[in-house]
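Colleague: Sharing data_7.txt (compact mmCIF, C-alpha atoms) below.
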# COMPACT_ATOMS: atom_id res chain seq x y z
CA MET A 19 27.08 21.42 18.39
CA SER A 20 30.29 22.87 16.93
CA ASP A 21 30.62 19.98 14.41
CA ASN A 22 27.27 19.88 12.67
CA THR A 23 26.32 17.11 10.24
CA PHE A 24 23.45 19.13 8.78
CA PRO A 25 23.30 22.44 6.87
CA LEU A 26 22.65 25.65 8.74
CA TYR A 27 19.93 27.86 7.25
CA ASN A 28 19.48 31.59 7.62
CA ALA A 29 16.58 33.16 9.46
CA ASP A 30 14.59 33.97 6.29
CA ALA A 31 14.70 30.37 5.04
CA ILE A 32 13.74 29.04 8.49
CA VAL A 33 10.81 31.49 8.80
CA ASN A 34 9.52 30.64 5.29
CA PHE A 35 9.83 26.89 5.91
CA TYR A 36 8.09 26.89 9.29
CA ARG A 37 5.34 29.19 8.03
CA THR A 38 4.56 26.84 5.13
CA GLU A 39 5.29 23.38 6.58
CA VAL A 40 4.67 23.54 10.33
CA LEU A 41 2.47 26.47 11.29
CA ALA A 42 -1.04 27.18 10.08
CA GLY A 43 -3.67 29.89 10.32
CA HIS A 44 -3.01 33.02 12.32
CA GLU A 45 0.17 31.49 13.81
CA ALA A 46 1.78 31.30 10.35
CA LYS A 47 0.50 34.77 9.52
CA HIS A 48 1.93 36.38 12.66
CA PHE A 49 5.23 34.46 12.75
CA THR A 50 7.99 36.77 11.41
CA LYS A 51 11.75 37.08 11.36
CA SER A 52 11.66 39.43 14.36
CA ASP A 53 10.54 36.47 16.51
CA LEU A 54 13.98 34.86 16.01
CA THR A 55 16.39 37.75 15.43
CA PRO A 56 18.15 39.60 16.97
CA THR A 57 16.76 38.16 20.23
CA PRO A 58 14.49 35.10 20.02
CA LYS A 59 11.19 35.43 21.79
CA PRO A 60 10.61 32.55 24.23
CA VAL A 61 6.88 32.40 23.47
CA ALA A 62 7.49 32.09 19.70
CA VAL A 63 10.25 29.50 20.17
CA GLN A 64 8.08 27.44 22.55
CA MET A 65 5.19 27.67 20.08
CA LEU A 66 7.47 26.39 17.25
CA TYR A 67 8.73 23.46 19.33
CA MET A 68 5.16 22.65 20.43
CA ARG A 69 3.91 22.57 16.81
CA VAL A 70 6.84 20.34 15.81
CA VAL A 71 5.87 17.95 18.63
CA HIS A 72 2.24 18.01 17.46
CA LEU A 73 3.34 17.34 13.86
CA LEU A 74 5.70 14.45 14.60
CA SER A 75 4.14 12.64 17.54
CA HIS A 76 0.43 13.34 16.90
CA PHE A 77 0.30 14.85 20.38
CA ARG A 78 -2.97 16.67 20.89
CA PRO A 79 -2.70 20.39 21.68
CA GLU A 80 -5.19 20.16 24.53
CA CYS A 81 -2.88 17.71 26.35
CA ASP A 82 -0.02 20.21 26.70
CA SER A 83 -1.22 21.77 29.93
CA MET A 84 -2.85 18.68 31.45
CA VAL A 85 -1.60 17.66 34.87
CA PRO A 86 -1.45 13.85 35.39
CA LEU A 87 -4.55 12.64 37.18
CA LEU A 88 -2.70 9.91 39.04
CA GLU A 89 -0.50 12.40 40.85
CA ASN A 90 -1.84 13.78 44.11
CA ILE A 91 -1.00 17.43 43.51
CA GLN A 92 -2.41 20.19 45.59
CA ASN A 93 -3.77 23.12 43.61
CA PRO A 94 -3.15 21.64 40.10
CA VAL A 95 -4.27 24.90 38.51
CA TYR A 96 -0.99 26.47 39.63
CA HIS A 97 1.00 23.86 37.66
CA GLU A 98 -0.69 24.26 34.25
CA GLY A 99 1.70 26.90 32.92
CA ALA A 100 4.81 24.98 33.94
CA THR A 101 3.33 21.69 32.71
CA ALA A 102 3.14 22.95 29.10
CA VAL A 103 6.82 24.00 29.15
CA THR A 104 8.01 20.76 30.77
CA THR A 105 5.94 18.66 28.33
CA VAL A 106 7.48 20.43 25.32
CA TYR A 107 10.94 20.19 26.89
CA THR A 108 10.74 16.43 27.56
CA ARG A 109 9.38 15.59 24.12
CA ILE A 110 11.82 17.86 22.24
CA GLN A 111 14.69 16.45 24.31
CA GLN A 112 13.62 12.92 23.31
CA PHE A 113 13.28 13.94 19.65
CA LEU A 114 16.39 16.07 19.02
CA PRO A 115 18.95 13.19 19.22
CA VAL A 116 17.36 11.91 16.02
CA CYS A 117 18.39 15.28 14.48
CA TRP A 118 21.97 14.88 15.86
CA VAL A 119 21.45 17.50 18.59
CA TYR A 120 22.39 16.18 22.03
CA ASP A 121 22.84 19.28 24.22
CA PHE A 122 19.30 20.65 24.38
CA SER A 123 18.57 22.25 27.74
CA LEU A 124 15.69 24.00 29.46
CA SER A 125 17.35 27.39 28.95
CA ASP A 126 16.81 26.93 25.18
CA LEU A 127 13.08 27.20 25.94
CA LEU A 128 13.03 29.79 28.70
CA ALA A 129 15.90 32.04 27.57
CA PRO A 130 16.78 31.10 23.96
CA GLN A 131 19.87 32.43 22.24
CA LYS A 132 19.94 33.38 18.58
CA GLN A 133 22.66 31.07 17.24
CA ARG A 134 21.59 27.99 19.24
CA THR A 135 17.95 28.53 18.31
CA LEU A 136 18.79 28.85 14.59
CA THR A 137 20.99 25.73 14.79
CA ILE A 138 18.30 23.65 16.51
CA LEU A 139 15.62 24.87 14.09
CA SER A 140 17.98 24.06 11.16
CA ALA A 141 18.42 20.51 12.51
CA ILE A 142 14.64 20.07 12.83
CA MET A 143 14.18 21.59 9.36
CA ASN A 144 16.73 19.16 7.87
CA PHE A 145 14.93 16.23 9.53
CA LEU A 146 11.56 17.44 8.24
CA TYR A 147 13.02 17.65 4.70
CA PHE A 148 14.30 14.09 5.06
CA ARG A 149 10.94 12.96 6.50
CA LYS A 150 9.08 14.55 3.58
CA GLN A 151 11.30 12.75 1.04
CA ARG A 152 10.95 9.40 2.84
CA MET A 153 7.18 9.82 3.08
CA ALA A 154 7.01 10.54 -0.67
CA ILE A 155 9.00 7.35 -1.34
CA VAL A 156 6.80 5.38 1.06
CA PHE A 157 3.63 6.73 -0.56
CA GLU A 158 5.04 5.84 -3.98
CA LYS A 159 5.85 2.32 -2.78
CA GLN A 160 2.38 2.02 -1.28
CA ALA A 161 0.83 3.10 -4.61
CA LYS A 162 3.10 0.65 -6.43
CA PHE A 163 2.17 -2.06 -3.94
CA ARG A 164 -1.53 -1.36 -4.48
CA ALA A 165 -0.99 -1.48 -8.26
CA ASP A 166 0.97 -4.72 -7.86
CA MET A 167 -1.79 -6.15 -5.72
CA ASP A 168 -4.37 -5.17 -8.35
CA ARG A 169 -2.17 -6.67 -11.06
CA LEU A 170 -1.66 -9.74 -8.89
CA GLN A 171 -5.40 -10.15 -8.53
CA ALA A 172 -5.84 -9.70 -12.28
CA ASP A 173 -2.99 -12.18 -12.99
CA THR A 174 -4.43 -14.64 -10.49
CA LYS A 175 -7.80 -14.32 -12.15
CA GLY A 176 -6.18 -14.77 -15.60
CA ILE A 177 -4.21 -17.78 -14.35
CA LYS A 178 -7.37 -19.36 -13.01
CA GLU A 179 -9.13 -18.74 -16.32
CA ALA A 180 -6.11 -20.15 -18.23
CA GLU A 181 -6.07 -23.20 -15.94
CA LYS A 182 -9.75 -23.69 -16.64
CA LYS A 183 -9.10 -23.38 -20.40
CA ILE A 184 -6.14 -25.78 -20.20
CA GLU A 185 -8.25 -28.20 -18.20
CA THR A 186 -11.07 -27.95 -20.75
CA LEU A 187 -8.58 -28.41 -23.62
CA THR A 188 -6.69 -31.29 -22.04
CA THR A 189 -9.61 -33.16 -20.56
CA ILE A 190 -11.78 -35.22 -22.89
CA PRO A 191 -15.48 -35.45 -22.09
CA PRO A 192 -16.70 -38.93 -21.18
CA GLU A 193 -19.10 -38.99 -24.12
CA GLN A 194 -16.19 -38.30 -26.51
CA GLN A 195 -13.69 -40.63 -24.84
CA ALA A 196 -14.57 -43.59 -27.08
CA GLU A 197 -14.34 -41.42 -30.19
CA ALA A 198 -11.01 -40.02 -29.01
CA ASP A 199 -9.70 -43.57 -28.45
CA GLU A 200 -10.89 -44.54 -31.93
CA LEU A 201 -9.23 -41.46 -33.43
CA ALA A 202 -6.00 -42.24 -31.57
CA ALA A 203 -6.07 -45.86 -32.81
CA ALA A 204 -6.92 -44.68 -36.35
CA LEU A 205 -4.12 -42.11 -36.15
CA SER A 206 -1.58 -44.74 -35.06
CA GLU A 207 -2.82 -47.13 -37.78
CA LEU A 208 -2.67 -44.33 -40.35
CA GLN A 209 0.86 -43.51 -39.28
CA ALA A 210 1.84 -47.18 -39.73
CA ILE A 211 0.15 -47.25 -43.15
CA ASN A 212 1.87 -44.01 -44.10
CA ILE A 213 5.24 -45.46 -43.13
CA HIS A 214 4.51 -48.59 -45.21
CA GLU A 215 3.28 -46.44 -48.15
CA TYR A 216 6.40 -44.28 -47.89
CA GLN A 217 8.51 -47.42 -48.10
CA GLU A 218 6.51 -48.66 -51.11
CA VAL A 219 6.77 -45.23 -52.75
CA ASP A 220 10.52 -45.26 -52.19
CA ALA A 221 10.71 -48.75 -53.72
CA LEU A 222 8.53 -47.64 -56.69
CA ARG A 223 10.69 -44.59 -57.17
CA GLU A 224 13.78 -46.77 -57.21
CA SER A 225 12.14 -49.16 -59.71
CA MET A 226 11.00 -46.15 -61.80
CA ALA A 227 14.54 -44.84 -61.79
CA GLU A 228 15.78 -48.26 -62.92
CA TRP A 229 13.08 -48.43 -65.63
CA LYS A 230 13.88 -44.91 -66.73
CA ALA A 231 17.52 -45.91 -67.02
CA LYS A 232 16.52 -48.99 -69.01
CA ILE A 233 14.22 -46.89 -71.27
CA ALA A 234 17.04 -44.47 -71.81
CA GLU A 235 19.34 -47.37 -72.76
CA GLU A 236 16.65 -48.82 -75.08
CA THR A 237 15.98 -45.46 -76.71
CA GLN A 238 19.71 -45.02 -77.10
CA LYS A 239 19.93 -48.46 -78.66
CA LEU A 240 16.91 -47.65 -80.88
CA ALA A 241 18.54 -44.47 -81.97
CA GLN A 242 21.71 -46.42 -82.65
CA VAL A 243 19.68 -48.97 -84.63
CA LYS A 244 18.08 -46.16 -86.59
CA VAL A 245 21.51 -44.77 -87.27
CA ASP A 246 22.64 -48.25 -88.33
CA VAL A 247 19.58 -48.56 -90.60
CA CYS A 248 20.38 -45.23 -92.19
CA ASN A 249 23.97 -46.31 -92.59
CA LEU A 250 22.79 -49.58 -94.09
CA LYS A 251 20.51 -47.72 -96.44
CA GLU A 252 23.43 -45.58 -97.49
CA ASP A 253 25.54 -48.69 -97.85
CA ILE A 254 22.71 -50.29 -99.86
CA GLY A 255 22.58 -47.24 -102.06
CA LYS A 256 26.30 -47.36 -102.54
CA LEU A 257 26.22 -51.06 -103.03
CA THR A 258 23.39 -50.83 -105.54
CA ALA A 259 25.50 -48.39 -107.43
CA GLN A 260 28.41 -50.77 -107.21
CA ILE A 261 26.31 -53.89 -107.67
CA VAL A 262 27.74 -56.62 -109.84
CA ASP A 263 25.95 -59.12 -111.75
CA SER A 264 27.11 -61.95 -109.52
CA PRO A 265 23.86 -63.59 -108.32
CA GLU A 266 25.51 -65.42 -105.51
CA GLU A 267 26.92 -62.33 -103.95
CA LEU A 268 23.57 -60.57 -104.47
CA LYS A 269 21.78 -63.49 -102.87
CA THR A 270 24.12 -63.59 -99.92
CA LEU A 271 23.84 -59.84 -99.59
CA MET A 272 20.04 -59.98 -99.70
CA GLU A 273 20.05 -62.72 -97.07
CA LYS A 274 22.27 -60.60 -94.87
CA MET A 275 19.96 -57.64 -95.37
CA ARG A 276 16.90 -59.79 -94.62
CA GLU A 277 18.56 -61.05 -91.46
CA ASN A 278 19.45 -57.50 -90.48
CA ILE A 279 15.88 -56.29 -91.17
CA LYS A 280 14.51 -59.26 -89.21
CA ASN A 281 16.81 -58.46 -86.33
CA ILE A 282 15.77 -54.80 -86.51
CA LYS A 283 12.06 -55.75 -86.55
CA ASN A 284 12.59 -58.10 -83.61
CA SER A 285 14.44 -55.41 -81.69
CA THR A 286 11.72 -52.87 -82.62
CA LYS A 287 9.04 -55.28 -81.47
CA GLU A 288 10.86 -55.89 -78.25
CA ALA A 289 11.26 -52.16 -77.83
CA ASP A 290 7.51 -51.66 -78.42
CA GLU A 291 6.74 -54.37 -75.90
CA HIS A 292 9.08 -52.69 -73.45
CA MET A 293 7.39 -49.37 -74.25
CA VAL A 294 3.95 -50.85 -73.52
CA GLU A 295 5.18 -52.34 -70.27
CA LEU A 296 6.80 -49.07 -69.38
CA GLN A 297 3.57 -47.18 -70.19
CA ASN A 298 1.63 -49.58 -68.00
CA MET A 299 4.17 -49.12 -65.27
CA VAL A 300 4.00 -45.35 -65.74
CA GLN A 301 0.21 -45.49 -65.44
CA ARG A 302 0.54 -47.60 -62.31
CA VAL A 303 3.15 -45.17 -61.02
CA THR A 304 0.87 -42.17 -61.76
CA HIS A 305 -1.99 -43.92 -60.01
CA THR A 306 0.33 -44.73 -57.13
CA GLU A 307 1.53 -41.10 -57.16
CA ALA A 308 -2.12 -39.94 -56.96
CA GLU A 309 -2.66 -42.26 -54.02
CA VAL A 310 0.62 -41.09 -52.52
CA GLN A 311 -0.50 -37.48 -53.09
CA GLN A 312 -3.76 -38.23 -51.35
CA MET A 313 -1.81 -39.81 -48.52
CA LEU A 314 0.46 -36.78 -48.53
CA ASN A 315 -2.57 -34.52 -48.23
CA LEU A 316 -3.77 -36.63 -45.33
CA LEU A 317 -0.29 -36.46 -43.85
CA GLN A 318 -0.25 -32.69 -44.37
CA ASP A 319 -3.59 -32.43 -42.58
CA LEU A 320 -2.20 -34.65 -39.87
CA GLU A 321 0.95 -32.52 -39.77
CA SER A 322 -1.15 -29.33 -39.53
CA SER A 323 -3.15 -30.90 -36.69
CA MET A 324 0.11 -31.99 -35.08
CA ASN A 325 1.45 -28.46 -35.55
CA ASN A 326 -1.69 -27.09 -33.97
CA SER A 327 -1.33 -29.51 -31.08
CA LYS A 328 2.36 -28.61 -30.88
CA GLN A 329 1.45 -24.91 -30.94
CA ARG A 330 -1.10 -25.52 -28.21
CA ALA A 331 1.54 -27.44 -26.29
CA GLU A 332 3.92 -24.49 -26.72
CA GLU A 333 1.16 -22.12 -25.61
CA LEU A 334 0.59 -24.45 -22.69
CA GLN A 335 4.31 -24.34 -21.89
CA GLU A 336 4.29 -20.55 -22.20
CA LEU A 337 1.22 -20.37 -19.98
CA THR A 338 2.92 -22.75 -17.55
CA ALA A 339 6.08 -20.61 -17.57
CA GLN A 340 3.96 -17.49 -17.16
CA TYR A 341 2.05 -19.24 -14.41
CA GLU A 342 5.30 -20.18 -12.65
CA LYS A 343 6.60 -16.63 -13.11
CA THR A 344 3.34 -15.25 -11.78
CA GLN A 345 3.47 -17.73 -8.91
CA LYS A 346 7.00 -16.52 -8.14
CA GLU A 347 5.82 -12.90 -8.27
CA LEU A 348 2.85 -13.95 -6.16
CA ARG A 349 5.17 -15.51 -3.59
CA ASN A 350 7.31 -12.37 -3.59
CA LEU A 351 4.21 -10.23 -3.26
CA CYS A 352 2.94 -12.54 -0.54
CA VAL A 353 6.25 -12.09 1.28
CA ASP A 354 5.95 -8.31 0.85
CA GLU A 355 2.34 -8.51 1.91
CA CYS A 356 3.31 -10.54 4.99
CA GLN A 357 5.96 -7.97 5.85
CA LEU A 358 3.52 -5.12 5.32
CA ARG A 359 0.84 -6.99 7.27
CA ARG A 360 3.35 -7.60 10.03
CA ALA A 361 4.27 -3.91 10.01
CA LEU A 362 0.58 -3.02 9.84
CA ALA A 363 -0.16 -5.43 12.69
CA MET A 364 2.63 -3.87 14.74
CA LYS A 365 1.31 -0.43 13.88
CA LEU A 366 -2.25 -1.49 14.71
CA ASP A 367 -1.01 -3.09 17.92
CA LYS A 368 0.79 0.10 18.78
CA GLU A 369 -2.27 2.13 17.88
CA SER A 370 -4.48 -0.22 19.90
CA LYS A 371 -2.15 0.16 22.88
CA GLN A 372 -2.20 3.91 22.38
CA ASN A 373 -5.99 3.77 22.05
CA ILE A 374 -6.16 1.70 25.23
CA ARG A 375 -3.96 4.25 26.99
CA ARG A 376 -6.08 7.06 25.58
CA GLN A 377 -9.22 5.18 26.59
CA LYS A 378 -7.84 4.73 30.09
CA LYS A 379 -6.84 8.38 30.20
CA ARG A 380 -10.25 9.32 28.81
CA GLU A 381 -11.98 7.11 31.37
CA MET A 382 -9.80 8.53 34.12
CA LYS A 383 -10.54 12.00 32.84
CA GLU A 384 -14.25 11.21 32.65
CA HIS A 385 -14.06 9.70 36.12
CA HIS A 386 -12.25 12.80 37.31
CA VAL A 387 -14.79 14.97 35.52
CA GLN A 388 -17.60 12.95 37.10
CA ASP A 389 -15.92 13.34 40.49
CA VAL A 390 -15.50 17.04 39.83
CA MET A 391 -19.10 17.23 38.64
CA GLY A 392 -20.17 15.32 41.75
CA GLN A 393 -18.15 17.72 43.86
CA CYS A 394 -19.67 20.60 41.89
CA ASN A 395 -23.12 19.14 42.49
CA GLN A 396 -22.32 18.76 46.16
CA ILE A 397 -20.96 22.30 46.22
CA HIS A 398 -24.04 23.48 44.35
CA GLN A 399 -26.23 21.58 46.82
CA LYS A 400 -24.27 23.03 49.71
CA ARG A 401 -24.54 26.41 48.05
CA GLU A 402 -28.30 26.01 47.82
CA GLU A 403 -28.34 24.90 51.46
CA LYS A 404 -26.17 27.86 52.35
CA ALA A 405 -28.45 30.13 50.31
CA ASP A 406 -31.46 28.72 52.13
CA ARG A 407 -29.59 29.17 55.39
CA ILE A 408 -28.64 32.70 54.36
CA GLN A 409 -32.26 33.45 53.47
CA GLU A 410 -33.34 31.98 56.79
CA ILE A 411 -30.65 33.97 58.55
CA SER A 412 -31.73 37.04 56.60
CA ARG A 413 -35.31 36.42 57.69
CA GLU A 414 -34.10 35.93 61.24
CA THR A 415 -32.01 39.04 60.83
CA GLN A 416 -35.05 40.94 59.63
CA GLN A 417 -36.98 39.58 62.59
CA LEU A 418 -34.08 40.48 64.86
CA LYS A 419 -33.92 43.89 63.28
CA ALA A 420 -37.65 44.26 63.87
CA LYS A 421 -37.21 43.05 67.46
CA ILE A 422 -34.19 45.30 67.85
CA GLN A 423 -36.21 48.19 66.47
CA SER A 424 -39.04 47.41 68.83
CA LEU A 425 -36.55 46.93 71.64
CA ARG A 426 -34.95 50.18 70.65
CA ASP A 427 -38.32 51.81 70.78
CA VAL A 428 -38.97 50.17 74.15
CA CYS A 429 -35.43 51.06 75.23
CA SER A 430 -35.94 54.62 74.09
CA GLU A 431 -39.15 54.74 76.06
CA GLU A 432 -37.48 53.06 79.02
CA THR A 433 -34.50 55.35 78.55
CA ALA A 434 -36.77 58.36 78.56
CA ARG A 435 -38.59 56.98 81.58
CA THR A 436 -35.30 56.08 83.20
CA GLN A 437 -33.91 59.46 82.29
CA ALA A 438 -36.88 61.08 83.94
CA LEU A 439 -36.41 58.81 86.95
CA PHE A 440 -32.70 59.56 86.84
CA ASP A 441 -33.40 63.26 86.68
CA THR A 442 -35.86 62.94 89.55
CA LEU A 443 -33.49 60.69 91.45
CA SER A 444 -30.58 63.00 90.77
CA ALA A 445 -32.62 65.96 91.93
CA SER A 446 -33.65 63.99 95.02
CA MET A 447 -30.04 62.96 95.57
CA ASP A 448 -28.91 66.53 95.17
CA GLU A 449 -31.55 67.57 97.63
CA LEU A 450 -30.49 64.71 99.90
CA HIS A 451 -26.84 65.67 99.59
CA ARG A 452 -27.71 69.24 100.24
CA ARG A 453 -29.69 68.23 103.29
CA ILE A 454 -26.89 65.92 104.38
CA GLN A 455 -24.40 68.72 103.94
CA THR A 456 -26.55 71.08 105.88
CA HIS A 457 -27.07 68.41 108.52
CA ILE A 458 -23.33 67.74 108.62
CA VAL A 459 -22.72 71.43 108.97
CA ASP A 460 -25.24 71.59 111.76
CA LEU A 461 -23.62 68.57 113.40
CA LYS A 462 -20.22 70.17 113.09
CA GLN A 463 -21.53 73.29 114.66
CA ASP A 464 -23.17 71.26 117.41
CA VAL A 465 -19.96 69.31 117.92
CA ALA A 466 -18.04 72.55 117.98
CA LYS A 467 -20.44 73.97 120.54
CA MET A 468 -20.23 70.79 122.56
CA SER A 469 -16.48 70.78 122.45
CA ALA A 470 -16.48 74.41 123.43
CA GLY A 471 -18.85 73.53 126.29
CA PHE A 472 -16.48 70.78 127.54
So that I can check it, write out the structure of this file as structure tokens.
Modeller:
Amino acid sequence: MSDNTFPLYNADAIVNFYRTEVLAGHEAKHFTKSDLTPTPKPVAVQMLYMRVVHLLSHFRPECDSMVPLLENIQNPVYHEGATAVTTVYTRIQQFLPVCWVYDFSLSDLLAPQKQRTLTILSAIMNFLYFRKQRMAIVFEKQAKFRADMDRLQADTKGIKEAEKKIETLTTIPPEQQAEADELAAALSELQAINIHEYQEVDALRESMAEWKAKIAEETQKLAQVKVDVCNLKEDIGKLTAQIVDSPEELKTLMEKMRENIKNIKNSTKEADEHMVELQNMVQRVTHTEAEVQQMLNLLQDLESSMNNSKQRAEELQELTAQYEKTQKELRNLCVDECQLRRALAMKLDKESKQNIRRQKKREMKEHHVQDVMGQCNQIHQKREEKADRIQEISRETQQLKAKIQSLRDVCSEETARTQALFDTLSASMDELHRRIQTHIVDLKQDVAKMSAGF
């Protein structure tokens, strides 16, 4: 015990701890520092060890002084005082190695020393502190386990509800199966039509771009023609100012101008025709764009429905992931539950064995009590018989006393009569002796005379 692995506490701390954590009632009220210092009191130390045994092993106080019923012990009453001390000694000796105390002896109970007692109580106090902390952690884990079990039940219930919702969302009723097939076929056909329309729209856009390029070229040419016409008008104005009177040149010039005007009119007519065709094409394109816009709206609705289905699929994936996570937690909790059930089963098995032992002890005790009660009944019956016998003897004694009294009376009478007879007889005997003496004297005298005569 010289190398301790636990802290040593002073007497005040030990007294306060044991008064609050171990003792209760009048024992805690009357337990003071003087019970440990300067000289520990054996009764107080034994009481402390006994309460520690009761606290840790759930050993009932009434079993301390019980003598085993299976042992054939004569006069078991004489062993009750020593049985309590030996019971506390054996259980404390089994318990103290857990507290790293290995040299506990019977003298620590019968004649405790101050330092050893404080050291042993410090070791028990350190273990009780550790036990209190572990029990708090165990209670916290039990509360957490109960909360996890409640959450597991709630999650299991939510998972079942989600599975039901997923099943209702994914399964199509039989009465709507034909409609769903029609919608799926219409959706696939619409997708094919949309792809074809997209291709046509792309082709129309390309043709529109080409026509726009051609219109731009034609407008550029028209603008160039207009510029040329203006230039020609300016040239005509200049030429009219510089005109000569040569009719041939004027005629040739007029022919050239007519040809130019004819060419310009032809080009303008062609441009107008192109403009009409382009307007028709633009109208067709606008109509096609309206149809394309309508198709786009349908595609947007389809895309929104696809997004909704995709969102539902993502929610389904999230629910599936959550379900897998919850299943994993459920498996972990099931493992913990199996471990706790196993521990609980072991504890219940241990408790059942203890209950069986207690039941056997109780039955043996009841059997012993019944035997004792039977013996008591027999003793009581014998006592009644003895009392009856005593009463009978007392009656006989009274009768004997009465007989003795009557006999005494008779004896007294007989004694008086005998005394009178004795007195008479004694007087007669005295008279007889006197006569005999006188006769003897006379005979002696006669003998003397006769001898004198011879």
Colleague: Tell me which protein, DNA and RNA residues are within 10 Å of Leu146 (chain A), counting all atoms listed in the file, leaving out same-chain ones fewer than 3 positions away, and put them as a PyMOL selection string.
Modeller: chain A and resi 35+39-40+70+73-74+117+140-143+149-152
Colleague: Using only C-alpha atoms, determine which residues lie at most 9 Å from Met226 (chain A), disregarding the query and same-chain residues fewer than 5 positions distant; provide the list as number ranges by chain.
Modeller: A: 221, 231, 299-300, 303
Colleague: For the point (16.9, 38.6, 19.9) in the file's frame, write as a count of residues only all residues with an atom no more than 12 Å away, counting all atoms listed in the file.
Modeller: 21
Colleague: To one decimal place in Å, what is the distance between CA of Gln455 (chain A) and CA of Lys467 (chain A)?
Modeller: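 Here the two named atoms are 17.9 Å from each other.
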Colleague: Smallest atom-to-atom distance to Lys280 (chain A): which of A:Ala227, A:Val247, A:Ile32, A:Met447, using all atoms listed in the file?
Modeller: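 For Lys280 (chain A), the nearest of the candidates is A:Val247.
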Colleague: Quick check, in Å to one decimal: how far apart do CA of Glu288 (chain A) and CA of Ser225 (chain A) lie?
Modeller: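 Value for the CA of Glu288 (chain A)-CA of Ser225 (chain A) distance: 19.8 Å.
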Colleague: Which residues, written as a ChimeraX atom specification, have at least one atom at most 12 Å from Asp246 (chain A), with only C-alpha atoms counted and residues fewer than 5 positions away on the same chain left out?
Modeller: /A:239-241,251-254,278-279,281-282
Colleague: Give me a file of those residues, with C-alpha atoms, as a JSON list (two decimals), keeping the file's coordinate frame.
Modeller:
[["chain", "number", "residue", "atom", "x", "y", "z"],
["A", 239, "LYS", "CA", 19.93, -48.46, -78.66],
["A", 240, "LEU", "CA", 16.91, -47.65, -80.88],
["A", 241, "ALA", "CA", 18.54, -44.47, -81.97],
["A", 251, "LYS", "CA", 20.51, -47.72, -96.44],
["A", 252, "GLU", "CA", 23.43, -45.58, -97.49],
["A", 253, "ASP", "CA", 25.54, -48.69, -97.85],
["A", 254, "ILE", "CA", 22.71, -50.29, -99.86],
["A", 278, "ASN", "CA", 19.45, -57.50, -90.48],
["A", 279, "ILE", "CA", 15.88, -56.29, -91.17],
["A", 281, "ASN", "CA", 16.81, -58.46, -86.33],
["A", 282, "ILE", "CA", 15.77, -54.80, -86.51]]
